[in-house]
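Novice: File model_1.tsv below, TSV, C-alpha atoms:
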chain	number	residue	atom	x	y	z
A	1265	MET	CA	12.71	0.51	30.43
A	1266	GLU	CA	14.62	-2.13	28.44
A	1267	GLN	CA	11.48	-4.25	28.11
A	1268	ALA	CA	9.52	-1.25	26.81
A	1269	ILE	CA	12.23	-0.54	24.22
A	1270	GLN	CA	12.20	-4.17	23.08
A	1271	LEU	CA	8.41	-4.07	22.78
A	1272	ALA	CA	8.56	-0.88	20.71
A	1273	LEU	CA	11.21	-2.39	18.42
A	1274	SER	CA	9.10	-5.53	18.04
A	1275	ARG	CA	6.09	-3.45	16.95
A	1276	ILE	CA	8.20	-1.55	14.43
A	1277	LEU	CA	9.58	-4.79	12.98
A	1278	LYS	CA	6.10	-6.28	12.75
A	1279	GLY	CA	4.89	-3.13	11.00
A	1280	ASP	CA	7.83	-3.31	8.59
A	1281	LEU	CA	7.08	-6.97	7.83
A	1282	LYS	CA	3.40	-6.21	7.21
A	1283	MET	CA	4.28	-3.37	4.84
A	1284	GLN	CA	6.71	-5.61	2.96
A	1285	MET	CA	3.98	-8.21	2.56
A	1286	ASP	CA	1.47	-5.57	1.45
A	1287	LEU	CA	3.95	-4.17	-1.07
A	1288	LYS	CA	4.66	-7.62	-2.46
A	1289	THR	CA	0.93	-8.03	-3.03
A	1290	LEU	CA	0.46	-4.54	-4.48
A	1291	PHE	CA	3.48	-4.84	-6.76
A	1292	THR	CA	2.74	-8.36	-8.04
A	1293	PRO	CA	2.39	-8.01	-10.93
A	1294	PHE	CA	4.30	-4.76	-11.14
A	1295	PRO	CA	1.78	-1.92	-11.58
A	1296	ILE	CA	1.69	-0.20	-14.97
A	1297	LEU	CA	0.74	3.48	-14.84
A	1298	SER	CA	-0.62	5.03	-18.03
A	1299	THR	CA	-0.80	8.67	-19.03
A	1300	PRO	CA	-1.74	10.20	-22.39
A	1301	ARG	CA	1.86	10.15	-23.66
A	1302	LEU	CA	3.69	7.80	-21.30
A	1303	ILE	CA	3.72	4.29	-19.90
A	1304	LEU	CA	5.33	3.82	-16.49
A	1305	ARG	CA	6.29	0.16	-16.09
A	1306	ALA	CA	8.95	-2.17	-14.72
A	1307	LEU	CA	12.41	-1.86	-16.21
A	1308	ARG	CA	13.50	-4.66	-18.54
A	1309	PRO	CA	16.90	-6.01	-19.62
A	1310	ASN	CA	16.34	-4.69	-23.14
A	1311	ASP	CA	16.13	-1.12	-21.75
A	1312	LEU	CA	19.91	-1.10	-21.42
A	1313	ASP	CA	20.71	0.85	-24.58
A	1314	ASP	CA	18.10	3.54	-23.91
A	1315	LEU	CA	19.15	3.80	-20.28
A	1316	TYR	CA	22.77	4.29	-21.22
A	1317	GLU	CA	21.98	6.78	-23.99
A	1318	TYR	CA	20.19	9.27	-21.76
A	1319	ALA	CA	21.97	8.64	-18.44
A	1320	SER	CA	25.47	8.99	-19.91
A	1321	ASP	CA	24.73	12.70	-20.42
A	1322	PRO	CA	27.19	14.75	-18.27
A	1323	GLU	CA	24.46	17.39	-17.81
A	1324	ILE	CA	22.99	15.02	-15.20
A	1325	ASP	CA	25.86	15.87	-12.85
A	1326	ARG	CA	24.99	19.55	-12.66
A	1327	LEU	CA	21.52	19.31	-11.11
A	1328	THR	CA	21.14	15.87	-9.49
A	1329	PRO	CA	22.99	13.80	-6.85
A	1330	TRP	CA	23.72	11.10	-9.45
A	1331	THR	CA	26.69	11.01	-11.79
A	1332	HIS	CA	26.38	10.10	-15.44
A	1333	TYR	CA	27.37	6.67	-16.69
A	1334	GLU	CA	30.92	6.64	-17.99
A	1335	SER	CA	30.56	3.25	-19.68
A	1336	MET	CA	27.99	0.71	-20.78
A	1337	GLU	CA	29.19	-1.44	-17.86
A	1338	ASP	CA	28.02	1.27	-15.44
A	1339	ALA	CA	24.57	1.21	-17.02
A	1340	HIS	CA	24.42	-2.58	-16.98
A	1341	GLU	CA	25.38	-2.72	-13.30
A	1342	ASN	CA	22.79	-0.11	-12.38
A	1343	LEU	CA	20.06	-1.81	-14.41
A	1344	ASN	CA	20.79	-5.09	-12.63
A	1345	GLU	CA	20.38	-3.28	-9.31
A	1346	PHE	CA	16.96	-2.03	-10.39
A	1347	LEU	CA	15.93	-5.55	-11.47
A	1348	ALA	CA	17.19	-7.04	-8.21
A	1349	ASP	CA	15.01	-4.62	-6.22
A	1350	TYR	CA	11.89	-6.09	-7.84
A	1351	GLU	CA	12.88	-9.54	-6.60
A	1352	GLN	CA	13.95	-8.50	-3.13
A	1353	PHE	CA	11.44	-5.82	-2.19
A	1354	GLY	CA	8.54	-6.22	-4.62
A	1355	MET	CA	8.46	-2.51	-5.40
A	1356	GLY	CA	11.10	-0.71	-7.41
A	1357	ALA	CA	11.67	2.00	-10.00
A	1358	TRP	CA	9.27	2.68	-12.84
A	1359	GLY	CA	10.78	3.01	-16.29
A	1360	ILE	CA	9.22	5.91	-18.19
A	1361	GLU	CA	8.42	4.79	-21.73
A	1362	HIS	CA	7.41	7.24	-24.45
A	1363	ARG	CA	4.29	5.85	-26.12
A	1364	SER	CA	4.97	7.11	-29.63
A	1365	ASP	CA	8.73	6.62	-29.66
A	1366	GLN	CA	8.48	3.27	-27.82
A	1367	ARG	CA	11.66	3.87	-25.90
A	1368	LEU	CA	12.76	4.43	-22.33
A	1369	ILE	CA	13.17	8.16	-21.66
A	1370	GLY	CA	13.53	8.23	-17.89
A	1371	ILE	CA	13.01	6.66	-14.49
A	1372	ALA	CA	10.73	7.56	-11.56
A	1373	ASN	CA	10.80	5.97	-8.15
A	1374	PHE	CA	9.79	6.02	-4.51
A	1375	SER	CA	12.08	5.20	-1.63
A	1376	ARG	CA	10.83	2.22	0.37
A	1377	PRO	CA	8.01	3.48	2.64
A	1378	HIS	CA	8.59	4.07	6.33
A	1379	PRO	CA	6.60	1.22	7.96
A	1380	ILE	CA	4.95	3.41	10.61
A	1381	ASN	CA	4.74	6.88	9.07
A	1382	ARG	CA	3.99	5.68	5.51
A	1383	ARG	CA	6.28	8.36	4.09
A	1384	VAL	CA	8.43	8.16	0.96
A	1385	GLU	CA	10.78	10.34	-1.04
A	1386	MET	CA	10.15	10.55	-4.77
A	1387	GLY	CA	12.75	11.00	-7.47
A	1388	TYR	CA	12.76	11.11	-11.26
A	1389	THR	CA	14.99	11.67	-14.27
A	1390	ILE	CA	14.06	12.48	-17.87
A	1391	ALA	CA	16.29	12.35	-20.94
A	1392	ARG	CA	17.46	15.82	-21.95
A	1393	ALA	CA	15.91	15.46	-25.42
A	1394	TYR	CA	12.50	15.38	-23.72
A	1395	TRP	CA	12.97	18.31	-21.32
A	1396	GLY	CA	10.56	21.23	-21.40
A	1397	GLN	CA	7.67	19.28	-22.92
A	1398	GLY	CA	5.70	18.35	-19.80
A	1399	TYR	CA	6.76	14.70	-19.67
A	1400	ALA	CA	8.27	14.91	-16.18
A	1401	THR	CA	5.12	16.56	-14.81
A	1402	GLU	CA	2.99	13.86	-16.45
A	1403	ALA	CA	5.07	11.08	-14.88
A	1404	VAL	CA	5.19	12.71	-11.44
A	1405	LYS	CA	1.40	13.19	-11.37
A	1406	ALA	CA	0.89	9.50	-12.15
A	1407	LEU	CA	3.26	8.49	-9.36
A	1408	LEU	CA	1.61	10.80	-6.82
A	1409	LEU	CA	-1.85	9.44	-7.61
A	1410	PHE	CA	-0.66	5.87	-7.26
A	1411	GLY	CA	1.19	6.59	-4.02
A	1412	ILE	CA	-1.72	8.32	-2.32
A	1413	ASN	CA	-4.62	6.27	-3.68
A	1414	GLN	CA	-3.15	2.78	-4.08
A	1415	MET	CA	-0.25	2.63	-1.61
A	1416	ASP	CA	-2.18	4.68	0.98
A	1417	LEU	CA	0.89	6.79	1.69
A	1418	VAL	CA	0.49	9.61	4.18
A	1419	ARG	CA	3.24	11.79	2.74
A	1420	ILE	CA	5.29	11.95	-0.45
A	1421	GLU	CA	8.35	14.21	-0.43
A	1422	ALA	CA	10.68	15.48	-3.15
A	1423	VAL	CA	13.75	17.70	-2.96
A	1424	CYS	CA	15.67	19.67	-5.55
A	1425	LEU	CA	18.46	22.21	-5.76
A	1426	PRO	CA	17.26	25.84	-5.43
A	1427	GLU	CA	18.81	26.66	-8.82
A	1428	HIS	CA	17.01	23.78	-10.54
A	1429	ARG	CA	14.07	25.91	-11.65
A	1430	ALA	CA	12.79	23.36	-14.16
A	1431	SER	CA	12.38	20.78	-11.39
A	1432	VAL	CA	10.65	23.35	-9.21
A	1433	ARG	CA	8.13	23.95	-11.99
A	1434	VAL	CA	7.56	20.21	-12.41
A	1435	LEU	CA	6.86	19.66	-8.71
A	1436	GLU	CA	4.56	22.67	-8.46
A	1437	LYS	CA	2.63	21.78	-11.62
A	1438	ALA	CA	2.21	18.25	-10.30
A	1439	GLY	CA	0.48	19.67	-7.21
A	1440	MET	CA	3.24	19.42	-4.61
A	1441	GLN	CA	3.54	22.23	-2.10
A	1442	PHE	CA	6.73	24.08	-1.21
A	1443	GLU	CA	7.62	23.63	2.46
A	1444	GLY	CA	10.95	25.40	2.84
A	1445	LEU	CA	14.69	25.59	2.30
A	1446	LEU	CA	16.66	22.82	4.00
A	1447	ARG	CA	20.18	24.06	4.69
A	1448	SER	CA	23.04	21.56	4.13
A	1449	TYR	CA	20.38	18.86	3.98
A	1450	GLN	CA	22.29	16.32	1.90
A	1451	VAL	CA	25.84	15.70	0.76
A	1452	TRP	CA	26.09	15.45	-3.02
A	1453	ARG	CA	29.41	14.19	-4.36
A	1454	GLY	CA	31.19	15.16	-1.16
A	1455	GLN	CA	29.66	18.62	-0.79
A	1456	PRO	CA	26.78	19.59	1.55
A	1457	CYS	CA	24.04	21.38	-0.34
A	1458	ASP	CA	20.85	23.28	0.38
A	1459	LEU	CA	17.67	21.73	-0.99
A	1460	LEU	CA	14.08	22.83	-1.47
A	1461	MET	CA	11.48	20.54	0.11
A	1462	TYR	CA	8.18	19.84	-1.64
A	1463	ALA	CA	5.48	17.46	-0.44
A	1464	VAL	CA	1.97	16.18	-0.94
A	1465	THR	CA	-0.03	14.48	1.80
A	1466	ASN	CA	-3.17	12.45	2.23
A	1467	LYS	CA	-4.62	15.35	4.21
A	1468	MET	CA	-4.12	17.67	1.24
A	1469	LYS	CA	-5.99	15.17	-0.94
A	1470	ASP	CA	-8.90	15.14	1.53
A	1471	GLU	CA	-8.95	18.95	1.63
A	1472	GLU	CA	-9.06	19.10	-2.19
A	1473	HIS	CA	-11.93	16.61	-2.17
A	1474	ASP	CA	-13.84	18.75	0.35
A	1475	ARG	CA	-13.44	21.84	-1.84
A	1476	THR	CA	-15.03	20.06	-4.79
A	1477	LEU	CA	-18.15	18.97	-2.86
Translate the structure described by the file into structure tokens.

Specialist:
Amino acid sequence: MEQAIQLALSRILKGDLKMQMDLKTLFTPFPILSTPRLILRALRPNDLDDLYEYASDPEIDRLTPWTHYESMEDAHENLNEFLADYEQFGMGAWGIEHRSDQRLIGIANFSRPHPINRRVEMGYTIARAYWGQGYATEAVKALLLFGINQMDLVRIEAVCLPEHRASVRVLEKAGMQFEGLLRSYQVWRGQPCDLLMYAVTNKMKDEEHDRTL
């Protein structure tokens, strides 16, 4: 039994190492995703001011698990964490740049993929000044296409609070399917909360392709 467990662990570790190597290749150079109004690209040190401006908004606290920056030092520390992820893992968060305004208006990211199941959780934030204009949907669609077609992910998940109707609309417009209410699924700032689960899968992509034939 112990030998079988060790063998299984060895296979998982080998799979994890292979995925890390594949991600390093796929994310070198860091992939730029383009949409009609947005450019999704690696974060840069000179994004600091834009990052602080939109992520210091206290409104963030009401509908997401993150808390707003209380100082420029908070933003600088967080930006350095994003930059360090590129070096350590290859992949990392995409900065969402507005083409016309030429400024950072948000961030979109995947969790690091499960090495066996090829599953990730997706998250995103958009500056409040750009809410309600379709930018989040545009960014999410670009991420989903890249995840399924380029990263060969099997499943991409996203969760949101039931009362966050704007996020629900974004996920549904981007083509993700509602899967159910997850009771006390995560603890946000010390409180367990219910979340809605949305997902898109490779199988759904194949089914959509079949319908168009």

Novice: If we count only C-alpha atoms, what is near Met1415 (chain A) at a cut-off of 12 Å, once residues fewer than 4 positions away on the same chain are taken out, given as a list in words?

Specialist: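 Those residues are Met1283, Gln1284, Asp1286, Leu1287, Lys1288, Thr1289, Leu1290, Phe1291, Pro1295, Met1355, Phe1374, Arg1376, Pro1377, His1378, Pro1379, Arg1382, Arg1383, Val1384, Leu1407, Leu1408, Leu1409, Phe1410, Gly1411, Arg1419, Ile1420 and Asn1466 of chain A.
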
Novice: Please list as number ranges by chain every residue within 12 Å of Gly1356 (chain A), counting all atoms listed in the file and excluding residues in the same chain fewer than 3 positions away.

Specialist: A: 1287-1288, 1290-1295, 1304-1307, 1343-1353, 1359, 1371-1377, 1386-1387

Novice: A:Glu1443, A:Ala1339, A:Arg1308, A:Tyr1316: which is nearest Glu1421 (chain A), counting all atoms listed in the file?

Specialist: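 Of A:Glu1443, A:Ala1339, A:Arg1308, A:Tyr1316, the one nearest Glu1421 (chain A) is A:Glu1443, counting all atoms listed in the file.
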
Novice: What separation in Å, quoted to one decimal, exists between CA of Ala1391 (chain A) and CA of Tyr1318 (chain A)?

Specialist: 5.0 Å

Novice: Enter the distance from CA of Ala1406 (chain A) to CA of Tyr1462 (chain A), in Å, rounded to one decimal.

Specialist: 16.4 Å

Novice: CA of Gln1366 (chain A) and CA of Gly1354 (chain A) are how many Å apart?

Specialist: 25.1 Å

Novice: Give me the residues near Tyr1394 (chain A) as a ChimeraX atom specification, where near means some atom within 12 Å (using only C-alpha atoms) and where sequence neighbours in that chain fewer than 6 positions away do not count.

Specialist: /A:1301-1302,1318,1360-1362,1365,1367-1370,1400-1401

Novice: My list of candidates is A:Asp1313, A:Glu1427, A:Glu1436, A:Glu1385. Which is closest to Lys1405 (chain A) when distances are computed with all atoms listed in the file?

Specialist: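 Among the listed residues, A:Glu1436 lies closest to Lys1405 (chain A).
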